[in-house]
>>> print(open('model_7.txt').read())   # compact mmCIF, C-alpha atoms and all ligand atoms
# COMPACT_ATOMS: atom_id res chain seq x y z
CA MET A 1258 4.57 87.90 26.89
CA TYR A 1259 7.31 85.75 25.40
CA THR A 1260 8.09 82.08 25.91
CA ILE A 1261 10.70 79.76 24.50
CA GLY A 1262 9.54 76.71 22.56
CA ILE A 1263 11.84 73.73 22.09
CA ASP A 1264 11.20 71.06 19.47
CA PHE A 1265 13.46 68.24 20.65
CA GLY A 1266 13.78 65.77 17.77
CA ALA A 1267 15.91 62.70 17.25
CA THR A 1268 17.88 64.58 14.55
CA PHE A 1269 17.73 68.25 15.59
CA VAL A 1270 16.81 70.24 18.65
CA LYS A 1271 15.13 73.38 17.31
CA MET A 1272 14.14 76.31 19.48
CA GLY A 1273 12.99 79.87 19.32
CA LEU A 1274 11.37 82.78 21.10
CA VAL A 1275 7.59 82.72 20.62
CA ASP A 1276 5.20 85.64 21.10
CA ASP A 1277 1.50 85.55 22.07
CA PHE A 1278 0.50 85.28 18.42
CA GLY A 1279 2.59 82.18 17.69
CA LYS A 1280 5.34 84.05 15.83
CA VAL A 1281 8.83 82.60 16.18
CA TYR A 1282 11.97 84.73 16.53
CA PHE A 1283 15.65 84.01 17.18
CA ARG A 1284 15.63 80.43 15.95
CA ARG A 1285 18.39 78.06 17.04
CA LYS A 1286 19.18 74.54 15.85
CA ILE A 1287 21.47 71.93 17.44
CA GLU A 1288 22.28 68.54 15.91
CA THR A 1289 21.05 66.02 18.46
CA VAL A 1290 23.50 63.29 17.49
CA LEU A 1291 26.56 65.56 17.56
CA SER A 1292 26.44 65.81 21.33
CA ALA A 1293 28.80 63.32 22.92
CA SER A 1294 26.50 62.69 25.85
CA ARG A 1295 23.15 63.55 27.34
CA ALA A 1296 24.81 66.06 29.68
CA SER A 1297 26.53 67.88 26.83
CA LEU A 1298 23.28 68.08 24.86
CA ILE A 1299 21.47 69.52 27.89
CA ASP A 1300 24.34 72.02 28.31
CA ALA A 1301 24.05 73.03 24.64
CA ILE A 1302 20.29 73.53 25.03
CA ILE A 1303 20.79 75.69 28.14
CA CYS A 1304 23.50 77.71 26.42
CA ASN A 1305 21.21 78.42 23.45
CA ILE A 1306 18.28 79.36 25.70
CA ARG A 1307 20.48 81.87 27.58
CA ASP A 1308 21.70 83.20 24.24
CA ILE A 1309 18.15 83.74 22.93
CA ILE A 1310 17.11 85.52 26.13
CA GLU A 1311 20.18 87.74 26.10
CA ILE A 1312 20.13 88.66 22.42
CA SER A 1313 16.36 89.26 22.29
CA GLY A 1314 16.39 91.38 25.43
CA LYS A 1315 12.85 90.13 26.15
CA SER A 1316 11.59 88.90 29.47
CA VAL A 1317 10.70 85.25 29.08
CA SER A 1318 7.93 83.69 31.18
CA GLY A 1319 8.98 80.07 30.72
CA ILE A 1320 10.12 77.26 28.47
CA GLY A 1321 8.02 74.57 26.80
CA ILE A 1322 9.68 71.48 25.43
CA GLY A 1323 8.27 68.75 23.18
CA VAL A 1324 10.33 65.55 23.16
CA PRO A 1325 10.42 62.44 20.93
CA GLY A 1326 9.09 59.86 23.34
CA PRO A 1327 6.76 59.14 26.23
CA VAL A 1328 6.93 61.41 29.27
CA ASP A 1329 5.24 62.07 32.58
CA SER A 1330 4.23 65.62 31.79
CA LYS A 1331 3.07 66.34 35.35
CA LYS A 1332 6.42 65.45 36.89
CA GLY A 1333 8.39 66.53 33.84
CA VAL A 1334 10.17 63.21 33.53
CA VAL A 1335 11.24 61.52 30.28
CA HIS A 1336 10.34 57.81 30.33
CA TYR A 1337 12.64 57.01 27.38
CA PHE A 1338 13.31 58.04 23.77
CA PRO A 1339 12.84 55.19 21.25
CA ASN A 1340 15.48 56.70 18.92
CA ILE A 1341 18.01 58.28 21.31
CA LYS A 1342 19.89 56.23 23.88
CA GLY A 1343 20.52 57.20 27.49
CA TRP A 1344 17.43 59.21 28.36
CA GLU A 1345 15.61 56.75 30.60
CA GLY A 1346 13.99 58.43 33.60
CA VAL A 1347 15.61 61.86 33.07
CA ARG A 1348 14.01 64.65 35.15
CA LEU A 1349 14.39 67.16 32.36
CA LYS A 1350 11.91 69.70 33.76
CA SER A 1351 13.66 70.06 37.12
CA ILE A 1352 17.16 70.01 35.58
CA LEU A 1353 16.28 72.93 33.29
CA GLU A 1354 14.31 74.81 35.96
CA LYS A 1355 17.22 74.66 38.38
CA LYS A 1356 19.79 75.84 35.84
CA LEU A 1357 17.67 78.57 34.27
CA GLY A 1358 15.42 79.75 37.09
CA LEU A 1359 12.42 79.66 34.76
CA ARG A 1360 9.26 77.56 34.65
CA VAL A 1361 9.59 74.57 32.32
CA GLU A 1362 6.81 72.36 30.90
CA LEU A 1363 7.45 69.09 29.13
CA ASP A 1364 5.33 66.87 26.87
CA ASN A 1365 5.76 64.56 23.91
CA ASP A 1366 6.30 66.16 20.51
CA VAL A 1367 2.97 65.08 19.02
CA ASN A 1368 1.01 66.63 21.90
CA ALA A 1369 3.02 69.81 21.42
CA MET A 1370 2.31 69.87 17.68
CA THR A 1371 -1.38 69.19 18.36
CA LEU A 1372 -1.54 72.24 20.63
CA GLY A 1373 0.22 74.34 17.99
CA GLU A 1374 -2.23 73.38 15.25
CA PHE A 1375 -5.16 73.76 17.67
CA VAL A 1376 -4.32 77.29 18.75
CA PHE A 1377 -2.63 78.81 15.68
CA GLY A 1378 -2.91 76.34 12.78
CA ALA A 1379 -5.39 74.19 10.89
CA GLY A 1380 -7.20 73.22 14.10
CA LYS A 1381 -8.25 76.76 15.00
CA ASN A 1382 -11.89 77.50 15.86
CA CYS A 1383 -12.96 74.06 17.01
CA ASN A 1384 -13.21 72.23 20.34
CA ASN A 1385 -12.58 68.62 19.43
CA LEU A 1386 -9.53 67.87 17.38
CA VAL A 1387 -7.40 64.91 16.44
CA CYS A 1388 -3.96 65.66 15.07
CA LEU A 1389 -1.96 63.05 13.21
CA THR A 1390 1.70 63.04 12.21
CA LEU A 1391 2.64 60.70 9.42
CA GLY A 1392 6.35 59.96 9.18
CA THR A 1393 8.73 57.26 10.39
CA GLY A 1394 6.13 56.71 13.05
CA VAL A 1395 2.45 57.54 13.07
CA GLY A 1396 1.64 59.74 16.07
CA GLY A 1397 -1.60 61.19 17.32
CA GLY A 1398 -2.71 63.97 19.65
CA ILE A 1399 -6.24 64.52 20.94
CA ILE A 1400 -8.05 67.68 22.06
CA ILE A 1401 -11.40 67.08 23.78
CA ASP A 1402 -13.61 70.01 24.77
CA GLY A 1403 -10.73 72.40 24.15
CA LYS A 1404 -8.21 70.52 26.27
CA LEU A 1405 -5.37 68.18 25.47
CA TYR A 1406 -6.40 64.65 26.42
CA ARG A 1407 -3.43 62.79 27.92
CA GLY A 1408 -5.05 59.67 29.34
CA GLY A 1409 -4.56 57.75 32.59
CA SER A 1410 -0.81 57.26 32.32
CA MET A 1411 -0.32 60.09 29.80
CA CYS A 1412 0.03 57.79 26.81
CA ALA A 1413 -3.21 58.56 24.95
CA GLY A 1414 -3.36 59.22 21.22
CA GLU A 1415 -1.34 56.28 19.88
CA ILE A 1416 -3.36 56.08 16.67
CA GLY A 1417 -0.36 54.56 14.88
CA HIS A 1418 -0.66 51.54 17.13
CA MET A 1419 -4.31 50.86 16.54
CA PRO A 1420 -4.58 47.51 14.77
CA ILE A 1421 -6.32 47.67 11.42
CA ASN A 1422 -6.53 43.89 10.96
CA GLU A 1423 -7.11 40.90 13.17
CA THR A 1424 -3.88 39.31 11.98
CA GLY A 1425 -0.87 40.78 10.22
CA PRO A 1426 2.74 41.87 10.67
CA LYS A 1427 4.16 42.34 14.15
CA CYS A 1428 4.91 45.93 15.18
CA ASN A 1429 7.86 47.32 17.19
CA CYS A 1430 5.43 48.18 19.98
CA GLY A 1431 4.63 44.50 20.43
CA GLY A 1432 1.23 44.77 18.77
CA ILE A 1433 -0.05 43.03 15.67
CA ALA A 1434 -1.14 44.71 12.43
CA CYS A 1435 -0.75 48.24 13.79
CA LEU A 1436 -1.55 51.10 11.38
CA GLU A 1437 2.09 52.26 11.56
CA ARG A 1438 3.24 48.86 10.35
CA TYR A 1439 1.48 49.59 7.03
CA ILE A 1440 1.87 53.33 6.53
CA GLY A 1441 5.08 54.26 8.40
CA ASN A 1442 7.36 55.83 5.75
CA LYS A 1443 9.64 52.80 5.68
CA TYR A 1444 6.76 50.53 4.67
CA ILE A 1445 5.40 52.88 2.01
CA LEU A 1446 8.91 53.11 0.59
CA GLU A 1447 9.35 49.31 0.62
CA ARG A 1448 6.24 49.02 -1.48
CA ALA A 1449 7.24 51.85 -3.82
CA LYS A 1450 10.65 50.21 -4.42
CA LYS A 1451 8.97 47.08 -5.75
CA THR A 1452 7.36 49.17 -8.49
CA PHE A 1453 9.82 52.00 -9.11
CA GLY A 1454 13.20 50.56 -8.11
CA ASN A 1455 15.53 51.08 -5.19
CA ASN A 1456 16.25 54.77 -5.81
CA VAL A 1457 12.70 55.97 -5.40
CA THR A 1458 11.97 58.40 -2.56
CA LEU A 1459 8.66 59.47 -1.04
CA GLU A 1460 9.11 62.89 -2.68
CA ALA A 1461 9.54 61.18 -6.05
CA LEU A 1462 6.49 59.01 -5.38
CA THR A 1463 4.49 62.19 -4.67
CA SER A 1464 5.75 63.87 -7.88
CA LEU A 1465 5.00 60.79 -9.97
CA ALA A 1466 1.45 60.69 -8.62
CA LYS A 1467 0.96 64.41 -9.21
CA PHE A 1468 1.98 63.91 -12.84
CA GLY A 1469 -0.65 61.21 -13.18
CA ASN A 1470 1.37 57.99 -12.75
CA LYS A 1471 -1.38 55.47 -11.97
CA LYS A 1472 0.83 53.10 -9.96
CA ALA A 1473 2.05 55.94 -7.75
CA ILE A 1474 -1.51 57.23 -7.28
CA THR A 1475 -2.57 53.72 -6.24
CA ILE A 1476 0.16 53.51 -3.59
CA TRP A 1477 -1.03 56.79 -2.04
CA SER A 1478 -4.68 55.83 -2.22
CA ASP A 1479 -3.84 52.51 -0.52
CA VAL A 1480 -2.15 54.51 2.26
CA ALA A 1481 -5.37 56.53 2.52
CA GLN A 1482 -7.44 53.36 2.68
CA LYS A 1483 -5.38 51.89 5.53
CA LEU A 1484 -5.56 55.22 7.33
CA SER A 1485 -9.32 55.38 6.82
CA VAL A 1486 -9.81 52.13 8.76
CA ALA A 1487 -8.09 53.51 11.88
CA LEU A 1488 -9.63 56.97 11.49
CA THR A 1489 -13.13 55.53 11.16
CA GLU A 1490 -12.63 54.09 14.63
CA VAL A 1491 -11.32 57.42 15.90
CA ILE A 1492 -14.20 59.33 14.29
CA ASN A 1493 -16.92 56.98 15.56
CA LEU A 1494 -15.40 57.00 19.05
CA LEU A 1495 -14.54 60.68 19.51
CA ASN A 1496 -16.75 62.55 17.01
CA PRO A 1497 -14.03 65.15 16.34
CA ASP A 1498 -14.73 68.48 14.60
CA LYS A 1499 -11.47 68.27 12.69
CA ILE A 1500 -8.69 65.84 11.90
CA VAL A 1501 -5.44 67.60 11.05
CA ILE A 1502 -2.77 65.63 9.21
CA GLY A 1503 0.90 66.60 9.10
CA GLY A 1504 4.40 65.10 9.15
CA GLY A 1505 6.75 64.13 6.31
CA VAL A 1506 4.43 61.57 4.72
CA GLY A 1507 1.59 64.05 5.17
CA LYS A 1508 3.30 66.22 2.53
CA ALA A 1509 1.66 63.98 -0.09
CA GLY A 1510 -1.34 66.20 0.80
CA GLU A 1511 -4.42 65.69 -1.35
CA LEU A 1512 -3.00 62.44 -2.76
CA ILE A 1513 -3.84 61.02 0.67
CA LEU A 1514 -6.53 63.43 1.90
CA SER A 1515 -8.85 63.24 -1.07
CA PRO A 1516 -9.25 59.40 -1.16
CA LEU A 1517 -9.24 59.44 2.65
CA ARG A 1518 -12.30 61.75 2.78
CA LYS A 1519 -14.14 59.47 0.33
CA GLN A 1520 -13.32 56.39 2.38
CA ILE A 1521 -14.45 58.04 5.60
CA LYS A 1522 -17.81 58.88 4.01
CA VAL A 1523 -18.24 55.19 3.15
CA ARG A 1524 -16.97 53.72 6.43
CA ALA A 1525 -17.74 56.05 9.33
CA MET A 1526 -21.16 56.58 10.91
CA LYS A 1527 -23.14 59.18 9.00
CA ASP A 1528 -23.44 62.03 11.51
CA GLN A 1529 -19.79 61.83 12.54
CA ALA A 1530 -18.60 61.45 8.92
CA VAL A 1531 -20.57 64.48 7.72
CA HIS A 1532 -19.37 66.59 10.65
CA VAL A 1533 -15.61 65.95 10.58
CA LYS A 1534 -13.27 68.09 8.45
CA ILE A 1535 -10.11 66.31 7.36
CA ILE A 1536 -7.42 68.85 6.51
CA ALA A 1537 -3.65 69.30 6.17
CA ALA A 1538 -1.56 70.74 9.01
CA LYS A 1539 -0.64 74.40 8.55
CA LEU A 1540 2.30 75.28 10.77
CA GLY A 1541 4.95 73.28 8.90
CA ALA A 1542 8.46 73.22 10.33
CA ASP A 1543 7.58 75.64 13.16
CA ALA A 1544 4.74 73.50 14.56
CA GLY A 1545 6.98 71.85 17.16
CA ILE A 1546 8.43 75.11 18.50
CA ILE A 1547 5.08 76.94 18.57
CA GLY A 1548 3.29 73.94 20.10
CA ALA A 1549 5.95 73.47 22.79
CA SER A 1550 5.66 77.13 23.80
CA LEU A 1551 1.92 76.58 24.34
CA LEU A 1552 2.59 73.88 26.95
CA LEU A 1553 3.00 76.75 29.40
CA LYS A 1554 -0.60 77.77 28.78
CA THR A 1555 -2.36 74.41 29.32
ZN ZN B 1 2.39 49.14 17.15
>>> encode(input="model_7.txt", output="structure tokens")
Amino acid sequence: MYTIGIDFGATFVKMGLVDDFGKVYFRRKIETVLSASRASLIDAIICNIRDIIEISGKSVSGIGIGVPGPVDSKKGVVHYFPNIKGWEGVRLKSILEKKLGLRVELDNDVNAMTLGEFVFGAGKNCNNLVCLTLGTGVGGGIIIDGKLYRGGSMCAGEIGHMPINETGPKCNCGGIACLERYIGNKYILERAKKTFGNNVTLEALTSLAKFGNKKAITIWSDVAQKLSVALTEVINLLNPDKIVIGGGVGKAGELILSPLRKQIKVRAMKDQAVHVKIIAAKLGADAGIIGASLLLKT
């Protein structure tokens, strides 16, 4: 059986046909910002879906879509997108279902990625998983007893907005000293610029650290330390089997993961700390498409 997965990002909308084994075919990519309006972007998405179905010649059982903001996944309604204007209260599920005559399921992008890693990626073969995306924002998805945990108003998993200090900088969410306020890519970069100048990038910071630059290594291990405070709370609370870490900042890989594992051993309760495996995400750029396609199976 084939489904279509849509990874709706603030920069690109990526989509593709996905088979039962998580393989992606007939990829399409639309620039989100190029569309003059919400309606024209929805039209472009529909047009591409029809194109994929026609060219592939496959019968498609439905469409899963992961979007960059909070949603009511039961009703299929977008609450809003923090980085794209004009999407407040859009009934995206019913709009697409009416136009395409196919079942559509909607969730936020981190939940979609979490499902992808859980079924086909680094989170395979476990029942309790926490998935983290490190990038502009810090997002989290939670699987408990093999099922995505969405919470009372479907906003669970906001690990990036767990405070790691009693006092500290104010966050965009309204909170104080949120994890994201310390390890969102903008803040890591701000710190790196103080040491390496204004032209430094996160990729350069990773390369410097890999070549043994002590100051660069320290910046990454400080990121790991901040992360370890929030993850200790997650680990003590949920006792996950695995924590999977992805996203752009996550590409620093072992520069973060290795000091993070050490910190968790020191900070978290013994049984939970020994049990949890902290590993890098596996699905890379396709995680969003594959994960979105799995929304039809939850
Ligand atoms: Zn916050």
>>> atom_distance(input="model_7.txt", atom1="CA of Leu1386 (chain A)", atom2="CA of Ile1399 (chain A)")
5.9 Å
>>> closest_residue(input="model_7.txt", among="A:Ile1400, A:Ile1341, A:Ala1434, A:Cys1383", to="ligand ZN 1 (chain B)", atoms="only C-alpha atoms and all ligand atoms")
A:Ala1434
>>> closest_residue(input="model_7.txt", among="A:Leu1274, A:Leu1484, A:Ile1309, A:Val1334", to="Gly1417 (chain A)", atoms="all atoms listed in the file")
A:Leu1484
>>> residues_near_ligand(input="model_7.txt", ligand="ligand ZN 1 (chain B)", cutoff="12 Å", atoms="all atoms listed in the file", output="ChimeraX atom specification")
/A:1394-1396,1415-1421,1425-1441
>>> closest_residue(input="model_7.txt", among="A:Leu1494, A:Ala1267, A:Ala1296, A:Ile1310", to="Tyr1282 (chain A)", atoms="all atoms listed in the file")
A:Ile1310
>>> atom_distance(input="model_7.txt", atom1="CA of Ser1318 (chain A)", atom2="CA of Ile1261 (chain A)")
8.2 Å
>>> atom_distance(input="model_7.txt", atom1="CA of Ala1530 (chain A)", atom2="CA of Ala1481 (chain A)")
15.5 Å
>>> residues_around(input="model_7.txt", residues="region 1373-1379 of chain A", least_positions_apart="6", cutoff="8 Å", atoms="all atoms listed in the file", output="MDAnalysis selection string")
chainID A and resid 1278:1279 1386 1388 1501 1536:1540 1544:1545 1547:1549 1551
>>> write_last_selection(input="model_7.txt", atoms="C-alpha atoms", output="compact mmCIF listing (two decimals), in the frame of the given file")
# COMPACT_ATOMS: atom_id res chain seq x y z
CA PHE A 1278 0.50 85.28 18.42
CA GLY A 1279 2.59 82.18 17.69
CA LEU A 1386 -9.53 67.87 17.38
CA CYS A 1388 -3.96 65.66 15.07
CA VAL A 1501 -5.44 67.60 11.05
CA ILE A 1536 -7.42 68.85 6.51
CA ALA A 1537 -3.65 69.30 6.17
CA ALA A 1538 -1.56 70.74 9.01
CA LYS A 1539 -0.64 74.40 8.55
CA LEU A 1540 2.30 75.28 10.77
CA ALA A 1544 4.74 73.50 14.56
CA GLY A 1545 6.98 71.85 17.16
CA ILE A 1547 5.08 76.94 18.57
CA GLY A 1548 3.29 73.94 20.10
CA ALA A 1549 5.95 73.47 22.79
CA LEU A 1551 1.92 76.58 24.34
